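The structure appears right after this line, and notes come after that.
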Number of protein chains: 4
Amino acid sequence: MKAVVWHGPRDVRVADDVEEPELLTPRDAIVRVTCAAICGTDLHPYRGELDGFRSGTILGHEFCGVVERVGEGCGALQPGDRVFASDVIACGRCTACERGMHYQCDERTLFGYGEVAGPYVPGGQAELVRVPFADVVLCRIPDGLSDEQAVFAADVLSTGFTAAERADVRAGQTVAVVGCGPVGLCAVMSARLMGAAQVLAIDPERSRRDAARALGATPVAGRDGIADRRAEWSDGQEVDAVIEAVGADAALTDALAVVRPRGTVVVVGSHGSTGFSLSTVDAFDRELTLRFAVGDPIAVRDRLVALLSAGRLDPAVLISHRLPLDDAVDAYRAFDRREATKVLLLPGDGAHAPTTKEDDGAP
Amino acid sequence: MKAVVWHGPRDVRVADDVEEPELLTPRDAIVRVTCAAICGTDLHPYRGELDGFRSGTILGHEFCGVVERVGEGCGALQPGDRVFASDVIACGRCTACERGMHYQCDERTLFGYGEVAGPYVPGGQAELVRVPFADVVLCRIPDGLSDEQAVFAADVLSTGFTAAERADVRAGQTVAVVGCGPVGLCAVMSARLMGAAQVLAIDPERSRRDAARALGATPVAGRDGIADRRAEWSDGQEVDAVIEAVGADAALTDALAVVRPRGTVVVVGSHGSTGFSLSTVDAFDRELTLRFAVGDPIAVRDRLVALLSAGRLDPAVLISHRLPLDDAVDAYRAFDRREATKVLLLPGDGAHAPTTKEDDGAP
Amino acid sequence: MKAVVWHGPRDVRVADDVEEPELLTPRDAIVRVTCAAICGTDLHPYRGELDGFRSGTILGHEFCGVVERVGEGCGALQPGDRVFASDVIACGRCTACERGMHYQCDERTLFGYGEVAGPYVPGGQAELVRVPFADVVLCRIPDGLSDEQAVFAADVLSTGFTAAERADVRAGQTVAVVGCGPVGLCAVMSARLMGAAQVLAIDPERSRRDAARALGATPVAGRDGIADRRAEWSDGQEVDAVIEAVGADAALTDALAVVRPRGTVVVVGSHGSTGFSLSTVDAFDRELTLRFAVGDPIAVRDRLVALLSAGRLDPAVLISHRLPLDDAVDAYRAFDRREATKVLLLPGDGAHAPTTKEDDGAP
Amino acid sequence: MKAVVWHGPRDVRVADDVEEPELLTPRDAIVRVTCAAICGTDLHPYRGELDGFRSGTILGHEFCGVVERVGEGCGALQPGDRVFASDVIACGRCTACERGMHYQCDERTLFGYGEVAGPYVPGGQAELVRVPFADVVLCRIPDGLSDEQAVFAADVLSTGFTAAERADVRAGQTVAVVGCGPVGLCAVMSARLMGAAQVLAIDPERSRRDAARALGATPVAGRDGIADRRAEWSDGQEVDAVIEAVGADAALTDALAVVRPRGTVVVVGSHGSTGFSLSTVDAFDRELTLRFAVGDPIAVRDRLVALLSAGRLDPAVLISHRLPLDDAVDAYRAFDRREATKVLLLPGDGAHAPTTKEDDGAP
């Protein structure tokens, strides 16, 4: 079968002789992928930023498709079911899972992420993918919800939504989002959805701020001395909560600078720093809360499916490219250069082309 | 001055020789009213449903205007300030107030409500009104927010918003609103604002359901056997929370019938029953929560003002009539017959006509 | 084997020729019972208050023992494990269970309760008992925790603890408990544990009030006009939350009468009424919350085991009788006459006698 | 009058010719001090760690006494009232105060703390003290509650209690307290009070651990490699929340190392660091929450008074010395050398000697 395979930094190839996956345990399912997305997190291996990432890794943790085969322990799941996966693979039965903390599962790993995040499980930028703990990891897509909307619930939208929930956004508050890449834009949507009176979208790049503005946010040019320039952008309003969706020390510094006393900063950007310099004297004086949150698709997907089905969230506006799987090399290159917001790779032959609501045969 | 005075059941008159109010305590202010609304609660005395309601009562607890005079203890409040009042009058300093429970204030009363709800304070359907505890009861209207939007924050919108907040609506949930009068419609708006995936609007009258539909709700024909007809309206979805906005036993029965196990019913309809028949065996088996909530404008107004200013809530769509104060008799009659949704009475002479956003000289 | 069998109102017999249970599904386990308690709920069938209760029913839903055999789908459970059961039988995998609402499980039933609460599953007042969904329903007892402490976590302590948690008791508040039977006394312990400054124990019977006093509560003679006599018992203190642990209309009336405005009444008494007369006008004016809560041993048992092991809760003080299973007929009679607080039935032959902390060979 | 005056590092003197305080505003009160405590925070100026601390400062922010005179705007406060003060001085009327965030008050300052924390207000280690915003800052001491219990509510107990509350301690959880000085010991008491199954008391000094053990905690020798030695002290139990009561980078590092995934670290130790090195990669992977909390006596005092009056908290066990005000120099020296846990200074002449419960004439 075809699959997107990592061979080294900026060396990603589409192989067409990859061995097809097999059921290894009773809780495995095999899914025929109809739609797989490239995520910002995929750029870490692409750029060679992850030590120990293994040549031969099949990439991709955002995907949906149709169930092809199931083991005996997959509950009600059936061949033919349209499904999307959670990027976080979790057993659903350990103490952490019972508490709804799937990222802390004893057997936690991610699709397509080498052995950096747990045992290697080949990813979903492929024609077929094996899904462990399929009764927990897969979620059925209801009729009327298109694949290309559902695929956002696999990671990026779940992450933005989790961020807004863990920020305890209350209707009428002001929320700032630092970093307006796809996760940040999903956080903007989610904070609006939860009733923020105003969402400030902070990013140094105009194009990203424009994307946030189109979603109803107030754009704020990011960076140097942002707190000092408060008068320019705040309209006298305090910032009740900040979502840091970059994963860089500078972004976290900005987030802490703009939040009001007793406010909350939620970090959903994936950080690599072991030595962020935190002013405890300032954080104490302003009684801040700093919360680190990983998106948990399993925990929020029922509500996300309801919201997507009702049209209350429309992440598909973020899609800039819909390409056949064969074009994955170009797609990664464009995404790396920020020439693409969100790229969908479509492994299917047309029989499984993503349904869109308008059935406009989008790609 | 002119004022709307209650003389008996369905006997409301506009008098023009009413004595002007005076400052009685240092925390009093006198407000020149620009816009006063008729509230569903006003129909209780209008219809003669309240024993002990006193002839001569000046009606009206939803109003905004311009501060004319202030006592010495009114804090930062100044003559000339544009303000709206809270319908609930509270001291702001007792234990209940400190805990944000203004309706439980030791000195709690309502404007224009006889001695049924506390000491008599003349209401705001008048040219001038005395506001006790003005530093607490009045809230400044920011530039850019029109009087006729702000007046909704005095009671009806605060009540619908409080209902949705006390129902702990979470993004992606399904909320039902029983009763689509003005309070119910404000609850629909608020539940949507807080991210409900679906809002079911339950009412026997088609016109009210249509109004709810226009706000994004799914209309459900109310009453007989609503729970039995679940398959027709639920789309398989459970109802996480119900807001009962009628204040009648039958409406509460419906609310309890449609909520899911472990769900919450919030009652904001003003009840008169001392013997509602509650099936404790059913409530226990389904582990329900039943919460009675009075709207608290003081507690939520900062966030409401932010939402109204940002255009995230637009209650002015509920306005069916804008009339001079002189037409109050007709206005009450139409409202009583349900020929009006929300009526604004405009005491001003034009100098104080309500600002609308589009400045379209609405009335 | 021996078991306690219900034949009709006040006709309970110890049979010694009952067929031994078999594993019926892979998630079943067979437990050899060391200790079974009689619960207040058992008095409903004993007194003939439950229509449709079937002759031949093996009673008992509070028990612990040693695992004898397990099916293949019981996870880590092993023969030889010391365990206690949850009285609520739940699958652990449906939507309700995933949300931690085990009493709302699609396959919910109770041990030893005829077909009133779900499919019949024979109870644990027997030498052996079959436990469905054993991986979910059973909980291991750590070394150092005696059987007779652990058995309280099966129902009565879980129920009192759940009540206090759902009342949102905050440290320093005043909590009243209406009804000082075993559940009420466990609620007293739990409210104290959670930091209530004062726990008022309301009961008409002096002996029960004395039991509550011994646990640190302030006794209040229950019933007629309790709210009117507030000055006598309240010490000026408002009652922030009330736990109704009787399950009778009169008790609920008292609970609603004593709670403060904006307070919460949690009902854990098992009600049989379909027409409790609720004053909605009063509940609205005081903005009350009324919450019905069934104890959920599965949801709270990890924390209960920690508390029991640490000696922070000591429900064994409630035990009035420790009797061999053969004495069950006398035990039921004494319990029915309120001559016993909590009775333990010990089916074992000594090899499995309940461990007590002091190893004092209690029975 | 007599007062304890700071002249420079380790140069504290008892002056007896200090001018008596006057009422400066209508909301001022003058209190005759009966009992003032030395707080760990007082060691910062004592040791010369605060730049800009002014010679001539009267020290002391923990005190109680009897109201001597009141301005006209002090509400119900009367001369003769026994009272304790909040160490945090707040107006009670700004937005921050209305939200219960008194430390963020626009006019926030502290007693006896130079101009480091706001405008200078002379402290309470004196015979008389002026209390601004006395209607908000002072709290009446009920009969039956001794001065020397009440004085703990002025700061140290409020701080420990706030810490436990903001850690969201749930009954049955495990809580660790890093640093067992007076604040840490109050946090130990409070976490126990709120139902922690186990409280781990982490401190390098044996005597402090012993004090914590006496309060029911499990002592753990602090510092090097504490997380690595988890097996020694954890008994397999995860640490749900950690309270950092030191205010040093090393203590915060320990706190972050021992908390479980998704756990919360609450910092109540007063930090001076502007560059704490935080591993965001670890905090993200374990999804931690880090919350900075300043004690807020005004927010919690009603419940603290109830708990102290009911004997559910007994901080007086921490008192190691009761000395006349004249001995303040020795007292500071002993406290600085850690030869004292908690020192009470008693300015009175006997007429105002602190009441103890047993009336044992303690000092």
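The chains in the structure tokens are called A, B, ... from first to last as shown; in each chain the residues are counted from 1, and the ligands are counted from 1 in the order shown.
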Would you mind listing, for every residue of chain A within 9 Å of chain C, the two atoms forming the shortest contact and the distance between them in Å to one decimal, using only C-alpha atoms, sorted by chain and ascending residue number, as JSON lines?
```
{"residue": "A:Glu98", "atom": "CA", "partner": "C:Glu98", "partner_atom": "CA", "distance": 7.2}
{"residue": "A:Arg99", "atom": "CA", "partner": "C:Gly100", "partner_atom": "CA", "distance": 8.6}
{"residue": "A:Gly100", "atom": "CA", "partner": "C:Glu98", "partner_atom": "CA", "distance": 8.3}
```
If you run DSSP over the backbone, which residues in segment 87-268 of chain B end up strand (DSSP E)? Put them as a ChimeraX atom specification. /B:88-89,109-110,128-131,138-140,174-178,198-203,218-221,239-244,259-267
Hey, can you check how far atom CA of Leu59 of chain C sits from atom CA of Lys342 of chain C?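 Between atom CA of Leu59 of chain C and atom CA of Lys342 of chain C the gap is 15.8 Å.
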For segment 271-283 of chain D: contacts at 7 Å, only C-alpha atoms, fewer than 6 positions along chain excluded, given as a list in words: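 Here the answer would be His271, Gly272, Ser273, Thr274, Gly275, Phe276, Ser277, Leu278, Ser279, Thr280, Val281, Phe284 and Phe292 of chain A; Gly247, Ala248 and Asp249 of chain D.
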Tell me which of C:Thr253, C:Ser270, C:Cys180, C:Arg303 sits closest to Arg206 of chain C, counting only C-alpha atoms.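 Distance minimum relative to Arg206 of chain C lands on C:Cys180.
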I'd like the neighbourhood of Glu127 of chain C as a ChimeraX atom specification, where a residue qualifies if any of its atoms comes within 9 Å (using only C-alpha atoms), though same-chain residues fewer than 3 positions away should be ignored. /C:1-3,20,31-34,124,325,346-348
Can I get the selection written as a compact mmCIF listing (two decimals), in the first residue's frame, with N, CA and C atoms?
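Saved file again_29.txt follows:
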```txt
# COMPACT_ATOMS: atom_id res chain seq x y z
N MET C 1 -25.13 -24.63 49.19
CA MET C 1 -24.52 -23.64 50.11
C MET C 1 -25.62 -22.95 50.92
N LYS C 2 -25.20 -22.21 51.94
CA LYS C 2 -26.16 -21.46 52.75
C LYS C 2 -26.41 -20.07 52.16
N ALA C 3 -27.64 -19.60 52.33
CA ALA C 3 -27.96 -18.24 51.88
C ALA C 3 -29.22 -17.76 52.59
N GLU C 20 -24.97 -23.65 44.25
CA GLU C 20 -23.83 -22.73 44.18
C GLU C 20 -23.83 -21.98 42.85
N VAL C 31 -17.28 -15.07 44.40
CA VAL C 31 -16.64 -14.61 45.63
C VAL C 31 -17.15 -15.43 46.81
N ARG C 32 -16.22 -15.90 47.65
CA ARG C 32 -16.60 -16.55 48.91
C ARG C 32 -16.76 -15.45 49.95
N VAL C 33 -17.98 -15.29 50.45
CA VAL C 33 -18.30 -14.15 51.31
C VAL C 33 -17.75 -14.36 52.72
N THR C 34 -17.08 -13.35 53.22
CA THR C 34 -16.61 -13.42 54.61
C THR C 34 -17.48 -12.57 55.54
N GLY C 124 -25.61 -11.20 48.36
CA GLY C 124 -24.38 -11.63 48.99
C GLY C 124 -24.51 -12.10 50.43
N LEU C 325 -24.05 -16.41 59.85
CA LEU C 325 -25.11 -16.34 58.85
C LEU C 325 -26.37 -17.06 59.32
N LEU C 346 -21.71 -13.26 59.23
CA LEU C 346 -20.40 -13.81 58.92
C LEU C 346 -20.56 -15.25 58.46
N PRO C 347 -20.59 -15.47 57.14
CA PRO C 347 -20.84 -16.81 56.65
C PRO C 347 -19.67 -17.76 56.89
N GLY C 348 -18.48 -17.25 57.11
CA GLY C 348 -17.26 -18.05 57.12
C GLY C 348 -17.22 -19.01 58.30
```
Please, which residues of segment 143-183 of chain B, numbered as in this document, come out alpha helix (DSSP H) from DSSP, as a ChimeraX atom specification? /B:147-150,156-166,182-183
Export N, CA, C and O atoms of the chosen residues as a PDB file, in the first residue's frame?
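This is the output file selection31.pdb:
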```
ATOM      1  N   ASP B 147     -29.242  52.838  24.660  1.00  0.00           N
ATOM      2  CA  ASP B 147     -30.145  52.666  25.791  1.00  0.00           C
ATOM      3  C   ASP B 147     -31.027  51.439  25.618  1.00  0.00           C
ATOM      4  O   ASP B 147     -31.280  50.702  26.559  1.00  0.00           O
ATOM      5  N   GLU B 148     -31.500  51.241  24.393  1.00  0.00           N
ATOM      6  CA  GLU B 148     -32.487  50.172  24.245  1.00  0.00           C
ATOM      7  C   GLU B 148     -31.861  48.783  24.241  1.00  0.00           C
ATOM      8  O   GLU B 148     -32.564  47.804  24.420  1.00  0.00           O
ATOM      9  N   GLN B 149     -30.559  48.691  24.066  1.00  0.00           N
ATOM     10  CA  GLN B 149     -29.878  47.419  24.336  1.00  0.00           C
ATOM     11  C   GLN B 149     -29.650  47.303  25.846  1.00  0.00           C
ATOM     12  O   GLN B 149     -29.896  46.271  26.456  1.00  0.00           O
ATOM     13  N   ALA B 150     -29.179  48.394  26.448  1.00  0.00           N
ATOM     14  CA  ALA B 150     -28.799  48.358  27.865  1.00  0.00           C
ATOM     15  C   ALA B 150     -29.984  48.043  28.766  1.00  0.00           C
ATOM     16  O   ALA B 150     -29.838  47.374  29.797  1.00  0.00           O
ATOM     17  N   VAL B 156     -34.626  41.292  32.190  1.00  0.00           N
ATOM     18  CA  VAL B 156     -34.999  40.133  31.391  1.00  0.00           C
ATOM     19  C   VAL B 156     -33.792  39.392  30.838  1.00  0.00           C
ATOM     20  O   VAL B 156     -33.716  38.161  30.879  1.00  0.00           O
ATOM     21  N   LEU B 157     -32.809  40.113  30.356  1.00  0.00           N
ATOM     22  CA  LEU B 157     -31.615  39.443  29.830  1.00  0.00           C
ATOM     23  C   LEU B 157     -30.771  38.885  30.970  1.00  0.00           C
ATOM     24  O   LEU B 157     -30.234  37.783  30.880  1.00  0.00           O
ATOM     25  N   SER B 158     -30.656  39.630  32.053  1.00  0.00           N
ATOM     26  CA  SER B 158     -29.933  39.132  33.229  1.00  0.00           C
ATOM     27  C   SER B 158     -30.537  37.818  33.707  1.00  0.00           C
ATOM     28  O   SER B 158     -29.823  36.904  34.125  1.00  0.00           O
ATOM     29  N   THR B 159     -31.854  37.740  33.644  1.00  0.00           N
ATOM     30  CA  THR B 159     -32.531  36.546  34.133  1.00  0.00           C
ATOM     31  C   THR B 159     -32.263  35.358  33.215  1.00  0.00           C
ATOM     32  O   THR B 159     -31.938  34.256  33.678  1.00  0.00           O
ATOM     33  N   GLY B 160     -32.372  35.561  31.918  1.00  0.00           N
ATOM     34  CA  GLY B 160     -32.086  34.471  30.987  1.00  0.00           C
ATOM     35  C   GLY B 160     -30.631  34.031  31.061  1.00  0.00           C
ATOM     36  O   GLY B 160     -30.321  32.837  31.009  1.00  0.00           O
ATOM     37  N   PHE B 161     -29.749  34.995  31.223  1.00  0.00           N
ATOM     38  CA  PHE B 161     -28.311  34.718  31.296  1.00  0.00           C
ATOM     39  C   PHE B 161     -27.979  33.979  32.599  1.00  0.00           C
ATOM     40  O   PHE B 161     -27.235  33.001  32.611  1.00  0.00           O
ATOM     41  N   THR B 162     -28.552  34.461  33.713  1.00  0.00           N
ATOM     42  CA  THR B 162     -28.357  33.779  34.995  1.00  0.00           C
ATOM     43  C   THR B 162     -28.831  32.336  34.902  1.00  0.00           C
ATOM     44  O   THR B 162     -28.175  31.405  35.403  1.00  0.00           O
ATOM     45  N   ALA B 163     -29.964  32.134  34.254  1.00  0.00           N
ATOM     46  CA  ALA B 163     -30.510  30.783  34.107  1.00  0.00           C
ATOM     47  C   ALA B 163     -29.513  29.869  33.412  1.00  0.00           C
ATOM     48  O   ALA B 163     -29.238  28.755  33.881  1.00  0.00           O
ATOM     49  N   ALA B 164     -28.964  30.351  32.310  1.00  0.00           N
ATOM     50  CA  ALA B 164     -28.028  29.515  31.558  1.00  0.00           C
ATOM     51  C   ALA B 164     -26.755  29.267  32.355  1.00  0.00           C
ATOM     52  O   ALA B 164     -26.196  28.171  32.336  1.00  0.00           O
ATOM     53  N   GLU B 165     -26.314  30.272  33.081  1.00  0.00           N
ATOM     54  CA  GLU B 165     -25.098  30.082  33.898  1.00  0.00           C
ATOM     55  C   GLU B 165     -25.325  29.086  35.018  1.00  0.00           C
ATOM     56  O   GLU B 165     -24.486  28.240  35.287  1.00  0.00           O
ATOM     57  N   ARG B 166     -26.482  29.187  35.669  1.00  0.00           N
ATOM     58  CA  ARG B 166     -26.723  28.284  36.796  1.00  0.00           C
ATOM     59  C   ARG B 166     -27.071  26.880  36.302  1.00  0.00           C
ATOM     60  O   ARG B 166     -27.076  25.931  37.081  1.00  0.00           O
ATOM     61  N   PRO B 182     -40.242  36.600  26.556  1.00  0.00           N
ATOM     62  CA  PRO B 182     -38.983  37.356  26.540  1.00  0.00           C
ATOM     63  C   PRO B 182     -37.870  36.733  27.397  1.00  0.00           C
ATOM     64  O   PRO B 182     -36.727  36.660  26.944  1.00  0.00           O
ATOM     65  N   VAL B 183     -38.196  36.263  28.607  1.00  0.00           N
ATOM     66  CA  VAL B 183     -37.148  35.646  29.424  1.00  0.00           C
ATOM     67  C   VAL B 183     -36.636  34.373  28.759  1.00  0.00           C
ATOM     68  O   VAL B 183     -35.425  34.128  28.668  1.00  0.00           O
TER      69      VAL B 183
END
```
Figure out the distance between atom CA of Gly269 of chain A and atom CA of Asp51 of chain A, please, to one decimal in Å.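 Separation between atom CA of Asp51 of chain A and atom CA of Gly269 of chain A: 19.1 Å.
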Residue neighbourhood Gly112 of chain D, 12 Å, only C-alpha atoms, exclusion window fewer than 2 positions, as a ChimeraX atom specification: /D:3-6,36,38-39,41-42,45,53-63,87-89,109-110,114-126,129-131
Near Leu24 of chain D, counting only C-alpha atoms, which residues have an atom at most 12 Å away, once you skip same-chain residues fewer than 3 positions from it, shown as a ChimeraX atom specification? /D:21,27-30,69-73,121,130-134
Selected residue of minimal separation from Gly80 of chain A among A:Ala310, A:Val67, A:Val220, A:Trp233, counting only C-alpha atoms: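 Going through A:Ala310, A:Val67, A:Val220, A:Trp233 one by one, the smallest distance to Gly80 of chain A is for A:Val67.
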What's the 10 Å shell around segment 186-193 of chain D, counting only C-alpha atoms, without same-chain residues fewer than 6 positions away, as a PyMOL selection string? (chain C and resi 171-172+192-197+312) or (chain D and resi 152+156-165+167-180+199-201+212-213+215-217+241+243-245+268+307+312-315+318)
